[in-house]
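Data block for run.txt (compact mmCIF, N, CA, C and O atoms):
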```txt
# COMPACT_ATOMS: atom_id res chain seq x y z
N MET A 909 -54.64 11.21 195.44
CA MET A 909 -54.21 9.87 195.13
C MET A 909 -54.39 9.01 196.37
O MET A 909 -53.99 9.41 197.45
N ILE A 910 -55.00 7.86 196.20
CA ILE A 910 -55.19 6.94 197.33
C ILE A 910 -54.06 5.92 197.33
O ILE A 910 -53.82 5.24 196.33
N MET A 911 -53.36 5.87 198.46
CA MET A 911 -52.22 4.96 198.63
C MET A 911 -52.54 3.99 199.75
O MET A 911 -53.01 4.39 200.81
N ARG A 912 -52.28 2.72 199.51
CA ARG A 912 -52.44 1.70 200.55
C ARG A 912 -51.06 1.33 201.07
O ARG A 912 -50.14 1.05 200.31
N VAL A 913 -50.93 1.34 202.39
CA VAL A 913 -49.74 0.82 203.05
C VAL A 913 -50.18 -0.52 203.63
O VAL A 913 -51.08 -0.57 204.48
N MET A 914 -49.61 -1.58 203.13
CA MET A 914 -50.03 -2.92 203.54
C MET A 914 -49.98 -3.04 205.06
O MET A 914 -48.99 -2.67 205.69
N GLY A 915 -51.08 -3.50 205.63
CA GLY A 915 -51.18 -3.69 207.06
C GLY A 915 -51.55 -2.43 207.84
O GLY A 915 -51.74 -2.49 209.05
N GLU A 916 -51.64 -1.28 207.15
CA GLU A 916 -51.94 -0.03 207.86
C GLU A 916 -53.13 0.71 207.28
O GLU A 916 -53.56 1.71 207.85
N GLY A 917 -53.62 0.32 206.13
CA GLY A 917 -54.79 0.95 205.55
C GLY A 917 -54.47 1.86 204.39
O GLY A 917 -53.36 1.90 203.88
N GLN A 918 -55.51 2.61 203.98
CA GLN A 918 -55.40 3.51 202.85
C GLN A 918 -55.32 4.96 203.32
O GLN A 918 -55.92 5.32 204.34
N PHE A 919 -54.61 5.77 202.53
CA PHE A 919 -54.46 7.19 202.84
C PHE A 919 -54.66 7.97 201.55
O PHE A 919 -54.10 7.63 200.52
N GLU A 920 -55.47 9.02 201.63
CA GLU A 920 -55.65 9.89 200.48
C GLU A 920 -54.68 11.06 200.60
O GLU A 920 -54.74 11.84 201.54
N VAL A 921 -53.76 11.12 199.64
CA VAL A 921 -52.71 12.14 199.65
C VAL A 921 -53.01 13.14 198.54
O VAL A 921 -53.19 12.75 197.38
N GLY A 922 -53.06 14.42 198.90
CA GLY A 922 -53.34 15.46 197.93
C GLY A 922 -52.17 15.71 197.00
O GLY A 922 -51.01 15.43 197.33
N GLU A 923 -52.47 16.23 195.83
CA GLU A 923 -51.44 16.52 194.83
C GLU A 923 -50.37 17.46 195.35
O GLU A 923 -49.22 17.40 194.92
N ASP A 924 -50.74 18.33 196.30
CA ASP A 924 -49.78 19.29 196.83
C ASP A 924 -48.65 18.64 197.62
O ASP A 924 -47.66 19.29 197.92
N HIS A 925 -48.78 17.36 197.94
CA HIS A 925 -47.72 16.66 198.68
C HIS A 925 -46.98 15.63 197.82
O HIS A 925 -46.00 15.03 198.29
N LEU A 926 -47.40 15.43 196.60
CA LEU A 926 -46.77 14.39 195.77
C LEU A 926 -45.32 14.70 195.41
O LEU A 926 -44.50 13.79 195.33
N ASN A 927 -44.98 15.97 195.23
CA ASN A 927 -43.58 16.30 194.93
C ASN A 927 -42.68 15.96 196.11
O ASN A 927 -41.58 15.43 195.92
N LEU A 928 -43.13 16.24 197.33
CA LEU A 928 -42.35 15.88 198.51
C LEU A 928 -42.19 14.36 198.59
O LEU A 928 -41.09 13.85 198.85
N LEU A 929 -43.28 13.62 198.35
CA LEU A 929 -43.19 12.17 198.38
C LEU A 929 -42.23 11.67 197.31
O LEU A 929 -41.51 10.69 197.51
N ASN A 930 -42.20 12.33 196.16
CA ASN A 930 -41.26 11.95 195.11
C ASN A 930 -39.82 12.17 195.56
O ASN A 930 -38.93 11.41 195.18
N GLU A 931 -39.56 13.21 196.35
CA GLU A 931 -38.21 13.42 196.89
C GLU A 931 -37.81 12.26 197.80
O GLU A 931 -36.69 11.75 197.72
N PHE A 932 -38.72 11.84 198.68
CA PHE A 932 -38.44 10.71 199.56
C PHE A 932 -38.28 9.43 198.74
O PHE A 932 -37.47 8.55 199.07
N ASP A 933 -39.05 9.32 197.68
CA ASP A 933 -38.97 8.16 196.78
C ASP A 933 -37.59 8.10 196.12
O ASP A 933 -36.99 7.02 196.01
N ALA A 934 -37.06 9.24 195.70
CA ALA A 934 -35.73 9.29 195.10
C ALA A 934 -34.67 8.83 196.10
O ALA A 934 -33.73 8.10 195.74
N GLU A 935 -34.82 9.24 197.36
CA GLU A 935 -33.90 8.78 198.41
C GLU A 935 -34.00 7.26 198.57
O GLU A 935 -32.99 6.58 198.77
N LEU A 936 -35.22 6.75 198.48
CA LEU A 936 -35.42 5.30 198.60
C LEU A 936 -34.73 4.56 197.46
O LEU A 936 -34.07 3.54 197.68
N VAL A 937 -34.86 5.06 196.24
CA VAL A 937 -34.21 4.42 195.09
C VAL A 937 -32.70 4.38 195.31
O VAL A 937 -32.06 3.34 195.09
N THR A 938 -32.13 5.49 195.76
CA THR A 938 -30.69 5.55 196.03
C THR A 938 -30.30 4.53 197.10
O THR A 938 -29.30 3.82 196.97
N ALA A 939 -31.10 4.44 198.15
CA ALA A 939 -30.81 3.50 199.25
C ALA A 939 -30.88 2.05 198.77
O ALA A 939 -30.02 1.24 199.10
N VAL A 940 -31.90 1.73 197.98
CA VAL A 940 -32.04 0.36 197.47
C VAL A 940 -30.87 0.04 196.54
O VAL A 940 -30.29 -1.04 196.61
N ASP A 941 -30.53 0.98 195.66
CA ASP A 941 -29.41 0.76 194.73
C ASP A 941 -28.11 0.53 195.46
O ASP A 941 -27.26 -0.23 195.01
N SER A 942 -27.94 1.19 196.62
CA SER A 942 -26.70 1.04 197.38
C SER A 942 -26.61 -0.31 198.08
O SER A 942 -25.52 -0.77 198.40
N GLY A 943 -27.79 -0.93 198.34
CA GLY A 943 -27.80 -2.19 199.06
C GLY A 943 -27.57 -2.04 200.55
O GLY A 943 -27.47 -3.03 201.28
N ASP A 944 -27.49 -0.81 201.03
CA ASP A 944 -27.25 -0.53 202.45
C ASP A 944 -28.55 -0.66 203.21
O ASP A 944 -29.46 0.17 203.06
N GLU A 945 -28.66 -1.68 204.04
CA GLU A 945 -29.89 -1.97 204.78
C GLU A 945 -30.30 -0.83 205.71
O GLU A 945 -31.47 -0.47 205.78
N GLU A 946 -29.34 -0.25 206.41
CA GLU A 946 -29.66 0.84 207.34
C GLU A 946 -30.18 2.06 206.59
O GLU A 946 -31.18 2.68 206.99
N LEU A 947 -29.53 2.41 205.50
CA LEU A 947 -29.97 3.54 204.68
C LEU A 947 -31.36 3.26 204.10
O LEU A 947 -32.22 4.14 204.08
N PHE A 948 -31.59 2.03 203.66
CA PHE A 948 -32.89 1.63 203.13
C PHE A 948 -33.97 1.80 204.20
O PHE A 948 -35.03 2.35 203.95
N ARG A 949 -33.73 1.30 205.41
CA ARG A 949 -34.72 1.39 206.50
C ARG A 949 -35.09 2.84 206.77
O ARG A 949 -36.26 3.17 206.95
N ARG A 950 -34.08 3.72 206.83
CA ARG A 950 -34.35 5.14 207.09
C ARG A 950 -35.17 5.76 205.95
O ARG A 950 -36.15 6.47 206.19
N ALA A 951 -34.76 5.49 204.71
CA ALA A 951 -35.44 6.09 203.55
C ALA A 951 -36.87 5.57 203.42
O ALA A 951 -37.80 6.35 203.19
N TYR A 952 -37.06 4.27 203.60
CA TYR A 952 -38.41 3.72 203.46
C TYR A 952 -39.29 4.20 204.62
O TYR A 952 -40.46 4.52 204.44
N GLY A 953 -38.73 4.27 205.80
CA GLY A 953 -39.46 4.79 206.95
C GLY A 953 -39.92 6.22 206.73
O GLY A 953 -41.06 6.58 207.05
N LYS A 954 -39.04 7.06 206.16
CA LYS A 954 -39.40 8.45 205.87
C LYS A 954 -40.55 8.52 204.87
O LYS A 954 -41.47 9.31 205.04
N LEU A 955 -40.50 7.68 203.85
CA LEU A 955 -41.56 7.68 202.84
C LEU A 955 -42.89 7.26 203.45
O LEU A 955 -43.91 7.92 203.26
N LEU A 956 -42.88 6.17 204.21
CA LEU A 956 -44.13 5.71 204.82
C LEU A 956 -44.68 6.71 205.81
O LEU A 956 -45.89 6.95 205.86
N GLU A 957 -43.82 7.31 206.61
CA GLU A 957 -44.27 8.31 207.58
C GLU A 957 -44.87 9.52 206.87
O GLU A 957 -45.86 10.09 207.33
N ALA A 958 -44.29 9.92 205.74
CA ALA A 958 -44.82 11.06 205.00
C ALA A 958 -46.20 10.74 204.44
O ALA A 958 -47.10 11.60 204.47
N VAL A 959 -46.38 9.52 203.94
CA VAL A 959 -47.71 9.12 203.44
C VAL A 959 -48.73 9.24 204.56
O VAL A 959 -49.82 9.78 204.37
N LYS A 960 -48.38 8.77 205.75
CA LYS A 960 -49.31 8.81 206.87
C LYS A 960 -49.49 10.23 207.42
O LYS A 960 -50.58 10.61 207.83
N GLN A 961 -48.42 11.02 207.39
CA GLN A 961 -48.50 12.39 207.91
C GLN A 961 -49.33 13.29 207.00
O GLN A 961 -50.15 14.08 207.47
N TYR A 962 -49.10 13.20 205.72
CA TYR A 962 -49.76 14.11 204.77
C TYR A 962 -51.03 13.52 204.17
O TYR A 962 -51.79 14.24 203.54
N GLY A 963 -51.24 12.23 204.38
CA GLY A 963 -52.45 11.61 203.87
C GLY A 963 -53.56 11.61 204.91
O GLY A 963 -53.31 11.64 206.11
N THR A 964 -54.77 11.56 204.41
CA THR A 964 -55.94 11.45 205.27
C THR A 964 -56.39 10.00 205.24
O THR A 964 -56.60 9.45 204.14
N PRO A 965 -56.52 9.34 206.40
CA PRO A 965 -56.95 7.95 206.39
C PRO A 965 -58.31 7.79 205.70
O PRO A 965 -59.23 8.58 205.92
N VAL A 966 -58.40 6.79 204.85
CA VAL A 966 -59.66 6.46 204.19
C VAL A 966 -60.43 5.54 205.13
O VAL A 966 -59.84 4.59 205.68
N PRO A 967 -61.71 5.81 205.37
CA PRO A 967 -62.48 4.96 206.29
C PRO A 967 -62.39 3.48 205.91
O PRO A 967 -62.39 3.14 204.71
N LEU A 968 -62.31 2.62 206.91
CA LEU A 968 -62.17 1.19 206.68
C LEU A 968 -63.33 0.60 205.89
O LEU A 968 -63.15 -0.37 205.15
N ASP A 969 -64.51 1.18 206.02
CA ASP A 969 -65.67 0.65 205.31
C ASP A 969 -65.81 1.20 203.88
O ASP A 969 -66.73 0.85 203.16
N SER A 970 -64.85 2.02 203.47
CA SER A 970 -64.86 2.58 202.12
C SER A 970 -64.32 1.54 201.13
O SER A 970 -63.42 0.77 201.44
N LEU A 971 -64.86 1.55 199.93
CA LEU A 971 -64.43 0.62 198.90
C LEU A 971 -63.63 1.32 197.81
O LEU A 971 -63.66 0.92 196.65
N GLU A 972 -62.91 2.36 198.17
CA GLU A 972 -62.10 3.11 197.21
C GLU A 972 -60.92 2.26 196.74
O GLU A 972 -60.22 1.67 197.56
N PRO A 973 -60.67 2.22 195.42
CA PRO A 973 -59.50 1.47 194.94
C PRO A 973 -58.22 2.25 195.24
O PRO A 973 -58.21 3.48 195.19
N SER A 974 -57.17 1.54 195.55
CA SER A 974 -55.87 2.16 195.79
C SER A 974 -55.18 2.38 194.45
O SER A 974 -55.13 1.49 193.62
N GLU A 975 -54.63 3.58 194.27
CA GLU A 975 -53.88 3.87 193.06
C GLU A 975 -52.43 3.42 193.19
O GLU A 975 -51.73 3.28 192.20
N LEU A 976 -52.00 3.21 194.42
CA LEU A 976 -50.63 2.80 194.70
C LEU A 976 -50.64 1.93 195.94
O LEU A 976 -51.29 2.27 196.93
N ILE A 977 -49.92 0.83 195.90
CA ILE A 977 -49.82 -0.06 197.06
C ILE A 977 -48.36 -0.14 197.47
O ILE A 977 -47.49 -0.48 196.67
N LEU A 978 -48.10 0.22 198.73
CA LEU A 978 -46.76 0.17 199.29
C LEU A 978 -46.65 -1.01 200.24
O LEU A 978 -47.58 -1.27 201.01
N PRO A 979 -45.54 -1.72 200.20
CA PRO A 979 -45.35 -2.83 201.15
C PRO A 979 -45.35 -2.31 202.59
O PRO A 979 -45.16 -1.12 202.84
N SER A 980 -45.52 -3.22 203.52
CA SER A 980 -45.53 -2.85 204.93
C SER A 980 -44.15 -2.34 205.35
O SER A 980 -43.15 -2.51 204.64
N ALA A 981 -44.11 -1.72 206.52
CA ALA A 981 -42.87 -1.13 207.03
C ALA A 981 -41.77 -2.17 207.23
O ALA A 981 -40.59 -1.84 207.19
N ASP A 982 -42.16 -3.43 207.41
CA ASP A 982 -41.14 -4.47 207.62
C ASP A 982 -40.74 -5.17 206.33
O ASP A 982 -40.06 -6.20 206.35
N ALA A 983 -41.08 -4.58 205.17
CA ALA A 983 -40.69 -5.16 203.88
C ALA A 983 -39.17 -5.22 203.79
O ALA A 983 -38.47 -4.37 204.33
N THR A 984 -38.70 -6.21 203.07
CA THR A 984 -37.25 -6.34 202.89
C THR A 984 -36.79 -5.45 201.74
O THR A 984 -37.58 -5.04 200.89
N ILE A 985 -35.50 -5.21 201.72
CA ILE A 985 -34.92 -4.43 200.64
C ILE A 985 -35.15 -5.14 199.30
O ILE A 985 -35.41 -4.49 198.29
N ALA A 986 -35.13 -6.46 199.30
CA ALA A 986 -35.37 -7.23 198.07
C ALA A 986 -36.81 -7.03 197.57
O ALA A 986 -37.04 -6.89 196.37
N GLU A 987 -37.77 -7.02 198.48
CA GLU A 987 -39.17 -6.82 198.10
C GLU A 987 -39.38 -5.43 197.49
O GLU A 987 -40.06 -5.28 196.48
N VAL A 988 -38.78 -4.43 198.11
CA VAL A 988 -38.94 -3.07 197.60
C VAL A 988 -38.16 -2.93 196.29
O VAL A 988 -38.63 -2.27 195.36
N ARG A 989 -37.01 -3.56 196.18
CA ARG A 989 -36.25 -3.52 194.92
C ARG A 989 -37.10 -4.07 193.78
O ARG A 989 -37.12 -3.50 192.68
N GLU A 990 -37.80 -5.16 194.03
CA GLU A 990 -38.66 -5.76 193.01
C GLU A 990 -39.75 -4.78 192.58
O GLU A 990 -40.05 -4.65 191.40
N LEU A 991 -40.32 -4.08 193.53
CA LEU A 991 -41.35 -3.09 193.23
C LEU A 991 -40.77 -1.95 192.40
O LEU A 991 -41.38 -1.50 191.44
N LEU A 992 -39.58 -1.50 192.75
CA LEU A 992 -38.93 -0.41 192.03
C LEU A 992 -38.60 -0.80 190.60
O LEU A 992 -38.67 0.01 189.68
N MET A 993 -38.21 -2.06 190.41
CA MET A 993 -37.80 -2.51 189.09
C MET A 993 -38.97 -2.67 188.14
O MET A 993 -38.77 -2.79 186.93
N ALA A 994 -40.19 -2.64 188.66
CA ALA A 994 -41.36 -2.79 187.80
C ALA A 994 -41.38 -1.73 186.70
O ALA A 994 -41.73 -2.02 185.57
N ASP A 995 -40.98 -0.50 187.04
CA ASP A 995 -40.96 0.55 186.01
C ASP A 995 -39.68 1.38 186.04
O ASP A 995 -39.51 2.26 185.22
N GLY A 996 -38.81 1.11 186.99
CA GLY A 996 -37.55 1.84 187.07
C GLY A 996 -37.68 3.28 187.53
O GLY A 996 -36.73 4.04 187.50
N GLU A 997 -38.86 3.67 187.97
CA GLU A 997 -39.13 5.06 188.32
C GLU A 997 -39.29 5.29 189.82
O GLU A 997 -39.62 6.40 190.22
N GLY A 998 -39.17 4.29 190.65
CA GLY A 998 -39.47 4.46 192.07
C GLY A 998 -40.87 3.93 192.34
O GLY A 998 -41.51 3.36 191.47
N VAL A 999 -41.33 4.13 193.56
CA VAL A 999 -42.64 3.60 193.91
C VAL A 999 -43.76 4.62 193.76
O VAL A 999 -44.91 4.26 193.56
N ILE A 1000 -43.44 5.91 193.85
CA ILE A 1000 -44.44 6.95 193.68
C ILE A 1000 -44.44 7.39 192.22
O ILE A 1000 -43.39 7.73 191.69
N PRO A 1001 -45.59 7.36 191.56
CA PRO A 1001 -45.62 7.78 190.15
C PRO A 1001 -45.10 9.21 190.00
O PRO A 1001 -45.30 10.04 190.87
N GLY A 1002 -44.44 9.46 188.89
CA GLY A 1002 -43.90 10.79 188.63
C GLY A 1002 -44.98 11.85 188.68
O GLY A 1002 -46.10 11.64 188.25
N PHE A 1003 -44.63 12.97 189.28
CA PHE A 1003 -45.57 14.08 189.38
C PHE A 1003 -44.76 15.36 189.23
O PHE A 1003 -43.95 15.69 190.08
N PRO A 1004 -44.94 16.05 188.12
CA PRO A 1004 -44.12 17.25 187.89
C PRO A 1004 -44.44 18.35 188.88
O PRO A 1004 -45.57 18.49 189.34
N GLU A 1005 -43.44 19.14 189.21
CA GLU A 1005 -43.61 20.27 190.14
C GLU A 1005 -44.45 21.34 189.50
O GLU A 1005 -44.48 21.55 188.36
```
Entire entry expressed as structure tokens:
Amino acid sequence: MIMRVMGEGQFEVGEDHLNLLNEFDAELVTAVDSGDEELFRRAYGKLLEAVKQYGTPVPLDSLEPSELILPSADATIAEVRELLMADGEGVIPGFPE
């Protein structure tokens, strides 16, 4: 799955890491629902770091479409809440274990 992190580029993340990303996504949903800014920052930071750690950067000259677009690391809790509310499932599409 190709994921774009706004301002940081695209990363190709293998299916073998999607369940872990879904765990971080669940933490993010909990943090956003709580409205706790500090908890949100930690949870969103963990998710973005995991995308970069487990993903392979897509070359800048590649024209691959992104299957998922994540806001930049400095996104507000309101911006991420809006993204989460689009389908009520979090930001990472469901992927069964």
- Residue with smallest distance to Met909 in chain A - pool A:Glu990, A:Asp924, A:Glu975, A:Asp969, counting only C-alpha atoms: A:Glu975
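CA of Ser970 in chain A is positioned 25.4 Å from CA of Ala983 in chain A.
For the set A:Lys954, A:Glu923, A:Leu976, A:Thr938, the residue with the smallest atom-to-atom gap to Ile1000 in chain A is A:Leu976, counting all atoms listed in the file.
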- Task: Write out as a VMD selection string which residues come within 8 Å of Tyr962 in chain A when counting only C-alpha atoms, dropping same-chain ones fewer than 2 positions away.
- Result: chain A and resid 921 to 922 925 958 to 960 964
Only N, CA, C and O atoms, please: the residues just picked out, written as a PDB file, in the frame of the given file.
```
ATOM      1  N   VAL A 921     -53.760  11.120 199.640  1.00  0.00           N
ATOM      2  CA  VAL A 921     -52.710  12.140 199.650  1.00  0.00           C
ATOM      3  C   VAL A 921     -53.010  13.140 198.540  1.00  0.00           C
ATOM      4  O   VAL A 921     -53.190  12.750 197.380  1.00  0.00           O
ATOM      5  N   GLY A 922     -53.060  14.420 198.900  1.00  0.00           N
ATOM      6  CA  GLY A 922     -53.340  15.460 197.930  1.00  0.00           C
ATOM      7  C   GLY A 922     -52.170  15.710 197.000  1.00  0.00           C
ATOM      8  O   GLY A 922     -51.010  15.430 197.330  1.00  0.00           O
ATOM      9  N   HIS A 925     -48.780  17.360 197.940  1.00  0.00           N
ATOM     10  CA  HIS A 925     -47.720  16.660 198.680  1.00  0.00           C
ATOM     11  C   HIS A 925     -46.980  15.630 197.820  1.00  0.00           C
ATOM     12  O   HIS A 925     -46.000  15.030 198.290  1.00  0.00           O
ATOM     13  N   ALA A 958     -44.290   9.920 205.740  1.00  0.00           N
ATOM     14  CA  ALA A 958     -44.820  11.060 205.000  1.00  0.00           C
ATOM     15  C   ALA A 958     -46.200  10.740 204.440  1.00  0.00           C
ATOM     16  O   ALA A 958     -47.100  11.600 204.470  1.00  0.00           O
ATOM     17  N   VAL A 959     -46.380   9.520 203.940  1.00  0.00           N
ATOM     18  CA  VAL A 959     -47.710   9.120 203.440  1.00  0.00           C
ATOM     19  C   VAL A 959     -48.730   9.240 204.560  1.00  0.00           C
ATOM     20  O   VAL A 959     -49.820   9.780 204.370  1.00  0.00           O
ATOM     21  N   LYS A 960     -48.380   8.770 205.750  1.00  0.00           N
ATOM     22  CA  LYS A 960     -49.310   8.810 206.870  1.00  0.00           C
ATOM     23  C   LYS A 960     -49.490  10.230 207.420  1.00  0.00           C
ATOM     24  O   LYS A 960     -50.580  10.610 207.830  1.00  0.00           O
ATOM     25  N   THR A 964     -54.770  11.560 204.410  1.00  0.00           N
ATOM     26  CA  THR A 964     -55.940  11.450 205.270  1.00  0.00           C
ATOM     27  C   THR A 964     -56.390  10.000 205.240  1.00  0.00           C
ATOM     28  O   THR A 964     -56.600   9.450 204.140  1.00  0.00           O
TER      29      THR A 964
END
```
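The space separating CA of Val937 in chain A from CA of Ile985 in chain A comes to 10.5 Å.
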